[in-house]
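Structure file upload.tsv with TSV, C-alpha atoms and all ligand atoms:
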chain	number	residue	atom	x	y	z
O	1	MET	CA	120.80	87.73	108.63
O	2	GLU	CA	122.44	88.24	105.26
O	3	ASN	CA	121.47	91.55	103.69
O	4	ASN	CA	123.16	92.48	100.43
O	5	ALA	CA	120.95	95.44	99.49
O	6	PHE	CA	123.86	97.84	98.99
O	7	ALA	CA	125.79	95.37	96.83
O	8	TYR	CA	122.67	94.66	94.79
O	9	VAL	CA	121.99	98.34	94.04
O	10	GLN	CA	125.52	98.66	92.73
O	11	THR	CA	124.85	95.90	90.18
O	12	LEU	CA	121.88	97.72	88.62
O	13	ARG	CA	122.25	98.74	84.98
O	14	PRO	CA	122.99	102.33	83.95
O	15	VAL	CA	119.69	104.23	83.69
O	16	THR	CA	118.55	107.14	81.53
O	17	VAL	CA	115.46	109.28	81.24
O	18	GLN	CA	114.56	107.25	78.14
O	19	GLN	CA	115.12	103.95	79.98
O	20	PRO	CA	114.31	104.72	83.62
O	21	LEU	CA	114.87	102.29	86.48
O	22	ARG	CA	111.60	100.48	87.20
O	23	VAL	CA	110.90	100.38	90.94
O	24	LEU	CA	107.95	98.86	92.78
O	25	VAL	CA	107.22	100.87	95.91
O	26	SER	CA	104.89	100.58	98.89
O	27	ALA	CA	102.21	103.08	97.94
O	28	CYS	CA	102.19	104.76	101.35
O	29	LEU	CA	105.87	105.67	100.93
O	30	THR	CA	104.87	107.91	98.02
O	31	GLY	CA	102.33	109.78	100.15
O	32	ILE	CA	99.25	107.82	99.06
O	33	ARG	CA	96.85	107.60	102.01
O	34	CYS	CA	96.43	103.83	101.97
O	35	GLY	CA	97.45	103.16	105.58
O	36	TYR	CA	95.13	101.38	108.00
O	37	ASP	CA	93.91	104.73	109.33
O	38	SER	CA	93.64	106.42	105.91
O	39	THR	CA	96.98	108.18	106.34
O	40	ALA	CA	100.27	107.59	104.52
O	41	ASN	CA	101.88	106.28	107.74
O	42	GLY	CA	104.06	109.37	108.04
O	43	THR	CA	106.48	111.08	105.70
O	44	TYR	CA	109.57	109.33	104.38
O	45	PRO	CA	111.83	111.82	102.56
O	46	SER	CA	114.26	109.01	101.64
O	47	VAL	CA	111.67	107.63	99.22
O	48	LEU	CA	109.74	110.82	98.34
O	49	LYS	CA	113.04	112.14	96.97
O	50	LEU	CA	112.97	109.43	94.28
O	51	MET	CA	109.78	110.93	92.82
O	52	ASP	CA	111.80	113.91	91.59
O	53	TYR	CA	114.24	111.92	89.45
O	54	PRO	CA	113.24	111.55	85.78
O	55	ALA	CA	115.48	108.49	85.40
O	56	ILE	CA	113.36	106.46	87.79
O	57	LYS	CA	109.81	105.18	87.30
O	58	LEU	CA	107.92	104.25	90.46
O	59	PHE	CA	105.09	101.74	90.52
O	60	PRO	CA	103.18	102.31	93.79
O	61	PHE	CA	101.03	99.48	95.17
O	62	CYS	CA	99.39	98.84	98.54
O	63	PRO	CA	98.70	95.16	99.12
O	64	GLU	CA	96.63	95.63	102.28
O	65	GLU	CA	94.37	98.16	100.58
O	66	PHE	CA	93.91	95.64	97.74
O	67	SER	CA	92.61	92.94	100.10
O	68	PHE	CA	91.19	94.80	103.07
O	69	GLY	CA	90.37	98.35	101.91
O	70	VAL	CA	90.90	101.66	103.69
O	71	PRO	CA	90.39	102.26	106.56
O	72	ARG	CA	90.96	98.82	108.06
O	73	GLU	CA	92.27	97.14	111.18
O	74	MET	CA	95.99	96.86	111.80
O	75	CYS	CA	97.44	93.38	111.43
O	76	ASP	CA	100.56	91.44	112.43
O	77	ILE	CA	102.08	88.01	111.89
O	78	HIS	CA	101.71	85.47	114.69
O	79	GLY	CA	103.86	82.34	114.95
O	80	GLY	CA	106.52	83.16	112.37
O	81	ASP	CA	107.37	85.53	109.54
O	82	GLY	CA	106.07	86.18	106.03
O	83	ASN	CA	107.65	83.04	104.64
O	84	ASP	CA	105.94	80.99	107.34
O	85	VAL	CA	102.58	82.54	106.40
O	86	LEU	CA	103.16	81.60	102.75
O	87	ASP	CA	103.93	78.05	103.90
O	88	GLY	CA	100.83	77.82	106.10
O	89	LYS	CA	102.90	77.69	109.31
O	90	ALA	CA	101.97	81.13	110.71
O	91	LYS	CA	98.96	83.44	110.58
O	92	VAL	CA	98.21	87.08	109.87
O	93	LEU	CA	95.75	88.28	112.49
O	94	SER	CA	93.95	91.60	112.65
O	95	ASP	CA	93.83	93.55	115.93
O	96	SER	CA	90.48	91.99	116.76
O	97	GLY	CA	91.76	88.49	116.01
O	98	LYS	CA	90.36	87.95	112.51
O	99	ASP	CA	92.44	85.58	110.39
O	100	TRP	CA	93.62	87.64	107.43
O	101	SER	CA	96.15	85.08	106.19
O	102	ASP	CA	94.30	84.18	102.98
O	103	GLY	CA	93.65	87.81	102.10
O	104	MET	CA	97.27	88.72	102.72
O	105	ILE	CA	98.51	85.87	100.52
O	106	LYS	CA	96.13	87.01	97.75
O	107	ALA	CA	97.51	90.53	98.12
O	108	ALA	CA	101.06	89.20	97.90
O	109	HIS	CA	100.29	87.41	94.64
O	110	LYS	CA	98.70	90.57	93.23
O	111	MET	CA	101.81	92.56	94.19
O	112	LEU	CA	103.99	89.90	92.57
O	113	LYS	CA	101.93	90.22	89.38
O	114	VAL	CA	102.43	94.00	89.41
O	115	ALA	CA	106.17	93.39	89.72
O	116	GLN	CA	106.26	90.81	86.94
O	117	ASP	CA	103.94	92.70	84.55
O	118	ASN	CA	106.06	95.83	84.87
O	119	THR	CA	109.47	94.07	84.78
O	120	ILE	CA	110.43	95.63	88.09
O	121	GLU	CA	114.16	95.91	88.81
O	122	LEU	CA	113.97	96.79	92.52
O	123	ALA	CA	111.32	97.06	95.23
O	124	ILE	CA	111.40	99.68	98.00
O	125	MET	CA	108.97	98.79	100.74
O	126	MET	CA	107.87	99.96	104.18
O	127	ASP	CA	109.74	98.05	106.82
O	128	ILE	CA	107.96	96.78	109.97
O	129	SER	CA	104.73	96.13	108.01
O	130	ALA	CA	103.31	92.59	108.11
O	131	ALA	CA	102.88	92.92	104.35
O	132	CYS	CA	105.76	95.09	103.15
O	133	GLY	CA	108.47	94.66	105.81
O	134	SER	CA	111.76	93.32	104.49
O	135	THR	CA	114.21	93.51	107.41
O	136	VAL	CA	112.23	93.76	110.65
O	137	ILE	CA	108.61	92.94	111.48
O	138	TYR	CA	106.62	92.52	114.68
O	139	ASP	CA	106.50	89.11	116.31
O	140	GLY	CA	102.84	89.02	117.24
O	141	ASN	CA	100.63	91.96	118.11
O	142	ARG	CA	102.37	95.33	117.94
O	143	PHE	CA	99.96	96.71	120.55
O	144	ALA	CA	100.96	94.11	123.14
O	145	GLU	CA	102.33	95.52	126.40
O	146	ASN	CA	105.78	94.08	125.63
O	147	LYS	CA	105.84	94.28	121.85
O	148	VAL	CA	108.49	92.10	120.23
O	149	TYR	CA	110.31	92.47	116.90
O	150	GLN	CA	111.71	89.72	114.73
O	151	ALA	CA	114.23	89.88	111.89
O	152	GLY	CA	112.47	88.80	108.72
O	153	ALA	CA	110.13	89.77	105.92
O	154	GLY	CA	106.41	90.42	105.74
O	155	VAL	CA	104.21	88.28	103.51
O	156	CYS	CA	104.37	90.35	100.30
O	157	ALA	CA	108.08	91.08	100.56
O	158	ALA	CA	108.75	87.38	101.19
O	159	LEU	CA	106.85	86.34	98.06
O	160	LEU	CA	108.69	88.92	95.96
O	161	GLN	CA	112.01	87.68	97.34
O	162	ARG	CA	111.07	84.08	96.52
O	163	HIS	CA	110.60	85.13	92.91
O	164	GLY	CA	113.97	86.82	92.68
O	165	PHE	CA	113.03	90.45	93.30
O	166	LYS	CA	115.30	92.50	95.54
O	167	VAL	CA	113.47	94.34	98.31
O	168	ILE	CA	115.02	97.18	100.28
O	169	SER	CA	113.34	99.44	102.83
O	170	GLN	CA	112.89	103.14	103.38
O	171	ARG	CA	115.45	102.82	106.18
O	172	ASP	CA	118.23	101.33	104.03
O	173	PHE	CA	119.92	104.71	103.72
O	174	ARG	CA	123.26	103.41	102.43
O	175	SER	CA	121.57	101.51	99.62
O	176	LEU	CA	119.36	104.50	98.84
O	177	GLU	CA	122.42	106.74	98.61
O	178	ALA	CA	123.81	104.38	95.96
O	179	LEU	CA	120.45	104.50	94.20
O	180	TYR	CA	120.33	108.32	94.17
O	181	ASN	CA	123.79	108.28	92.61
O	182	LEU	CA	122.72	105.73	90.01
O	183	VAL	CA	119.77	107.83	88.83
O	184	ASP	CA	121.63	111.13	89.24
O	185	PRO	CA	125.43	110.86	88.90
O	186	SER	CA	125.76	114.41	90.28
O	187	HIS	CA	124.49	113.17	93.64
O	188	VAL	CA	127.36	112.99	96.11
O	189	ILE	CA	127.04	109.85	98.22
O	190	ASP	CA	126.83	110.39	101.98
O	191	ALA	CA	129.49	107.97	103.16
O	192	SER	CA	128.08	107.99	106.70
O	193	ALA	CA	124.72	106.55	105.65
O	194	ILE	CA	123.97	103.01	106.84
O	195	ASP	CA	121.32	100.41	106.14
O	196	HIS	CA	118.75	99.37	108.73
O	197	HIS	CA	120.51	96.11	109.64
O	198	GLU	CA	123.72	98.09	110.30
O	199	THR	CA	122.17	100.35	112.96
O	200	GLU	CA	123.11	100.07	116.62
O	201	TRP	CA	119.45	99.43	117.44
O	202	TYR	CA	119.30	96.44	115.11
O	203	LYS	CA	122.60	94.97	116.25
O	204	ASP	CA	121.81	95.43	119.96
O	205	TYR	CA	118.23	94.20	119.73
O	206	PHE	CA	118.91	91.05	117.74
O	207	ALA	CA	122.16	90.23	119.52
O	208	THR	CA	120.02	89.24	122.49
O	209	LYS	CA	117.52	87.16	120.47
T	1	LIG	S1	100.42	97.46	103.22
T	1	LIG	FE1	102.38	98.28	102.59
T	1	LIG	S2	101.84	99.92	101.11
T	1	LIG	FE2	100.00	99.45	102.28
T	1	LIG	S3	99.97	100.92	103.98
T	1	LIG	FE3	100.96	99.03	104.72
T	1	LIG	S4	103.13	99.36	104.41
T	1	LIG	FE4	102.06	100.86	103.12

Structure translated into structure tokens:
Amino acid sequence: MENNAFAYVQTLRPVTVQQPLRVLVSACLTGIRCGYDSTANGTYPSVLKLMDYPAIKLFPFCPEEFSFGVPREMCDIHGGDGNDVLDGKAKVLSDSGKDWSDGMIKAAHKMLKVAQDNTIELAIMMDISAACGSTVIYDGNRFAENKVYQAGAGVCAALLQRHGFKVISQRDFRSLEALYNLVDPSHVIDASAIDHHETEWYKDYFATK
């Protein structure tokens, strides 16, 4: 799978406090308790760190909260990825089997509107989510005895990508290092950082698919 997140971040314009970089972000990554179980799905310092930079403006949004509220069931994509859901070839099903495809597509369009209305320059979203995933998502129910991953995007990330927005994840550490340096030139880039698709787990897992 082609993934040019790092190269893309390096093409972003110079930013200042007066003209901050405009970034759409999965709301849970900023600590907002919009997860299915009313938590923020854990703590992700790689994104929380961005909240401290004055030369970056974050626009948090939770698509699943928009359509399904909090708390809610967990959901996953069955029969394809986010693009397939948008094309009517796959479904988003809740844990109990409810078809949430229409609600998820509505949420994706709302997230796209947030991106367009705020002239977003980059999106940072929670990977693995059926809505926000950009690199890896579950293939079917994540609670299955033999859960399976697939390389691909969730529904909301896929719609953003279709409209030209670049989506990276909280696990794209190499790209995030470049971003920290963009918004704070005093930040020394960690040359050992790698993006999610460069990890041994990713390469081993998908080499056998
Ligand atoms: S839908 Fe996205 S923003 Fe909302 S809890 Fe899930 S991963 Fe976070």

Environment of ligand LIG 1 (chain T) within 7 Å, counting all atoms listed in the file, reported as a PyMOL selection string = chain O and resi 26-29+34-36+40-41+61-65+125-126+129+131-132

Which of these residues is nearest to O:Ala108, using all atoms listed in the file: O:Val85, O:Leu159, O:Val17, O:Met51?
->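 Smallest distance to O:Ala108 is found for O:Leu159.
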
Gap from atom CA of O:Ile124 to atom CA of O:Met111 - Å, one decimal |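 Those two atoms sit 12.5 Å apart.
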
Interatomic distance (Å, one decimal) between atom CA of O:Ile56 and atom CA of O:His196 =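 Atom CA of O:His196 lies 22.8 Å from atom CA of O:Ile56.
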
As lines of an AutoDock Vina configuration file: centre and edge lengths in Å, one decimal, of the axis-aligned box holding stretch 76-95 of chain O with 6 Å per side:
center_x = 100.7
center_y = 85.6
center_z = 109.3
size_x = 25.8
size_y = 27.9
size_z = 25.2

With a distance cut-off of 10 Å and only C-alpha atoms, select the neighbouring residues of O:Asp172, excluding the residue or stretch itself and same-chain residues fewer than 3 positions from it, and output the selection as a ChimeraX atom specification.
-> /O:5-6,46,124,127,135,168-169,175-177,193-199

A straight line from atom CA of O:Thr43 to atom CA of O:Leu93 spans 26.1 Å
